[in-house]
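Have a look at the structure below, then the notes.
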Amino acid sequence: MVSSVSIIITCHFSNGNIVPRELTYGEFILEDAKSLSRFVSREAPIKSDGGIPKRYDKIIVIKEDDLDNLRKRIVELLKYEECKLVNFGVFTSLKREEVVKCFVKAAKECMKKSQLGQVLGRVWSLEFNGSGKGCGVIAADDKIHSWRDK
């Protein structure tokens, strides 16, 4: 599989509701990261004061089968991330648990290295193979929280 990365600023990109469904390896192996972006959710798992779901500021799609290379890409992308709401769509043949563990560890480390005022309110999440499930990290007032979907 050829590795690739695509970054989409969502204010410049609109599409209808995305219905999550986990893609099989055969379904995404021939597509590049940019075309796989159509399977990654645009709505963040948080709502505004009016109960309206917020949209991610940025969608980053990574297609990678090597865990070490995936970890390096995630760390490098998070190190310079300035947007508050970012969703990583990861398409890989690796096991979900490995990818989730890698992402949560990298995101927490990057948030801890930044100054607290800069990371407050950030929500970085990961979707696995377009399934709508994965994990995420939130920088709150008291500490950095994480969640993992089952």
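The chains in the structure tokens are called A, B, ... from first to last as shown; in each chain the residues are counted from 1, and the ligands are counted from 1 in the order shown.
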Counting only C-alpha atoms, which residues in range 23-77 of chain A sit no more than 8 Å from range 87-107 of chain A? For each one, give the nearest pair of atoms and the distance in Å, sorted by chain then residue number, as a Markdown table.
```
| residue | atom | partner | partner_atom | distance |
| --- | --- | --- | --- | --- |
| A:Tyr25 | CA | A:Ser93 | CA | 6.2 |
| A:Phe28 | CA | A:Phe91 | CA | 7.4 |
| A:Ser37 | CA | A:Gly89 | CA | 7.3 |
| A:Val40 | CA | A:Gly89 | CA | 5.7 |
| A:Ser41 | CA | A:Asn87 | CA | 7.7 |
| A:Arg42 | CA | A:Asn87 | CA | 7.8 |
| A:Ala44 | CA | A:Asn87 | CA | 7.8 |
| A:Tyr56 | CA | A:Asn87 | CA | 6.5 |
| A:Lys58 | CA | A:Asn87 | CA | 6.5 |
| A:Ile59 | CA | A:Asn87 | CA | 5.0 |
| A:Ile60 | CA | A:Phe88 | CA | 4.8 |
| A:Val61 | CA | A:Gly89 | CA | 4.6 |
| A:Ile62 | CA | A:Val90 | CA | 4.9 |
| A:Lys63 | CA | A:Phe91 | CA | 4.8 |
| A:Glu64 | CA | A:Thr92 | CA | 5.5 |
| A:Asp65 | CA | A:Thr92 | CA | 5.1 |
| A:Asp66 | CA | A:Leu94 | CA | 7.7 |
| A:Leu67 | CA | A:Leu94 | CA | 7.3 |
| A:Arg71 | CA | A:Cys102 | CA | 6.3 |
| A:Ile74 | CA | A:Phe103 | CA | 7.1 |
| A:Val75 | CA | A:Ala106 | CA | 5.8 |
```
Problem set entry | DSSP helix (DSSP H, G or I) residues within range 2-137 of chain A, listed as a PyMOL selection string | chain A and resi 10-12+25-28+33-39+67-79+96-113+116-119
Export, as a tab-separated table (two decimals), in the first residue's frame, the selected residues with C-alpha atoms.
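That gives us out-v6.tsv:
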```
chain	number	residue	atom	x	y	z
A	10	THR	CA	-13.36	22.27	6.54
A	11	CYS	CA	-14.45	25.89	6.07
A	12	HIS	CA	-13.41	25.47	2.42
A	25	TYR	CA	-8.66	-3.12	3.44
A	26	GLY	CA	-9.67	-4.02	-0.10
A	27	GLU	CA	-12.02	-1.05	-0.30
A	28	PHE	CA	-9.43	1.59	0.52
A	33	ALA	CA	-5.81	9.88	1.19
A	34	LYS	CA	-7.61	12.80	-0.48
A	35	SER	CA	-10.33	10.61	-1.96
A	36	LEU	CA	-10.69	8.73	1.36
A	37	SER	CA	-11.58	12.01	3.07
A	38	ARG	CA	-15.19	11.54	1.98
A	39	PHE	CA	-15.47	8.75	4.59
A	67	LEU	CA	2.81	1.52	12.99
A	68	ASP	CA	6.15	3.27	13.52
A	69	ASN	CA	5.68	5.49	10.44
A	70	LEU	CA	2.10	6.21	11.50
A	71	ARG	CA	3.27	7.28	14.96
A	72	LYS	CA	5.94	9.56	13.46
A	73	ARG	CA	3.42	11.17	11.09
A	74	ILE	CA	0.90	11.77	13.88
A	75	VAL	CA	3.54	13.27	16.19
A	76	GLU	CA	4.87	15.53	13.45
A	77	LEU	CA	1.38	16.73	12.48
A	78	LEU	CA	0.26	17.31	16.07
A	79	LYS	CA	3.46	19.12	17.00
A	96	ARG	CA	-7.63	-0.57	15.94
A	97	GLU	CA	-6.27	-0.97	19.49
A	98	GLU	CA	-2.69	-0.36	18.31
A	99	VAL	CA	-3.65	2.77	16.38
A	100	VAL	CA	-5.81	4.17	19.21
A	101	LYS	CA	-3.07	3.62	21.81
A	102	CYS	CA	-0.51	5.30	19.53
A	103	PHE	CA	-2.74	8.33	18.88
A	104	VAL	CA	-3.79	8.94	22.49
A	105	LYS	CA	-0.20	8.75	23.70
A	106	ALA	CA	1.08	11.11	20.99
A	107	ALA	CA	-1.77	13.62	21.44
A	108	LYS	CA	-1.38	13.77	25.22
A	109	GLU	CA	2.38	14.27	24.92
A	110	CYS	CA	1.95	17.09	22.39
A	111	MET	CA	-0.66	18.83	24.53
A	112	LYS	CA	1.48	18.54	27.65
A	113	LYS	CA	4.48	20.09	25.87
A	116	LEU	CA	-1.74	25.33	28.94
A	117	GLY	CA	-3.43	28.46	27.59
A	118	GLN	CA	-2.71	27.42	24.03
A	119	VAL	CA	-4.29	23.96	24.28
```
Problem set entry | Shortest interatomic distance to Ile9 in chain A - which of A:Arg21, A:Arg55, A:Lys47, A:Lys150, counting only C-alpha atoms |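 Checking each of A:Arg21, A:Arg55, A:Lys47, A:Lys150 against Ile9 in chain A, counting only C-alpha atoms, the winner is A:Arg55.
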Counting only C-alpha atoms, which residues of range 9-128 of chain A sit at most 6 Å from some atom of range 134-143 of chain A, and what is each one's closest atom pair with its distance in Å to one decimal, listed by chain and rising residue number, as JSON lines?
```
{"residue": "A:Leu120", "atom": "CA", "partner": "A:Ala139", "partner_atom": "CA", "distance": 5.1}
{"residue": "A:Gly121", "atom": "CA", "partner": "A:Ala139", "partner_atom": "CA", "distance": 5.4}
{"residue": "A:Arg122", "atom": "CA", "partner": "A:Ala139", "partner_atom": "CA", "distance": 5.4}
{"residue": "A:Val123", "atom": "CA", "partner": "A:Ile138", "partner_atom": "CA", "distance": 4.6}
{"residue": "A:Trp124", "atom": "CA", "partner": "A:Val137", "partner_atom": "CA", "distance": 5.3}
{"residue": "A:Ser125", "atom": "CA", "partner": "A:Gly136", "partner_atom": "CA", "distance": 3.8}
{"residue": "A:Leu126", "atom": "CA", "partner": "A:Cys135", "partner_atom": "CA", "distance": 5.4}
{"residue": "A:Glu127", "atom": "CA", "partner": "A:Gly134", "partner_atom": "CA", "distance": 4.7}
{"residue": "A:Phe128", "atom": "CA", "partner": "A:Gly134", "partner_atom": "CA", "distance": 5.5}
```
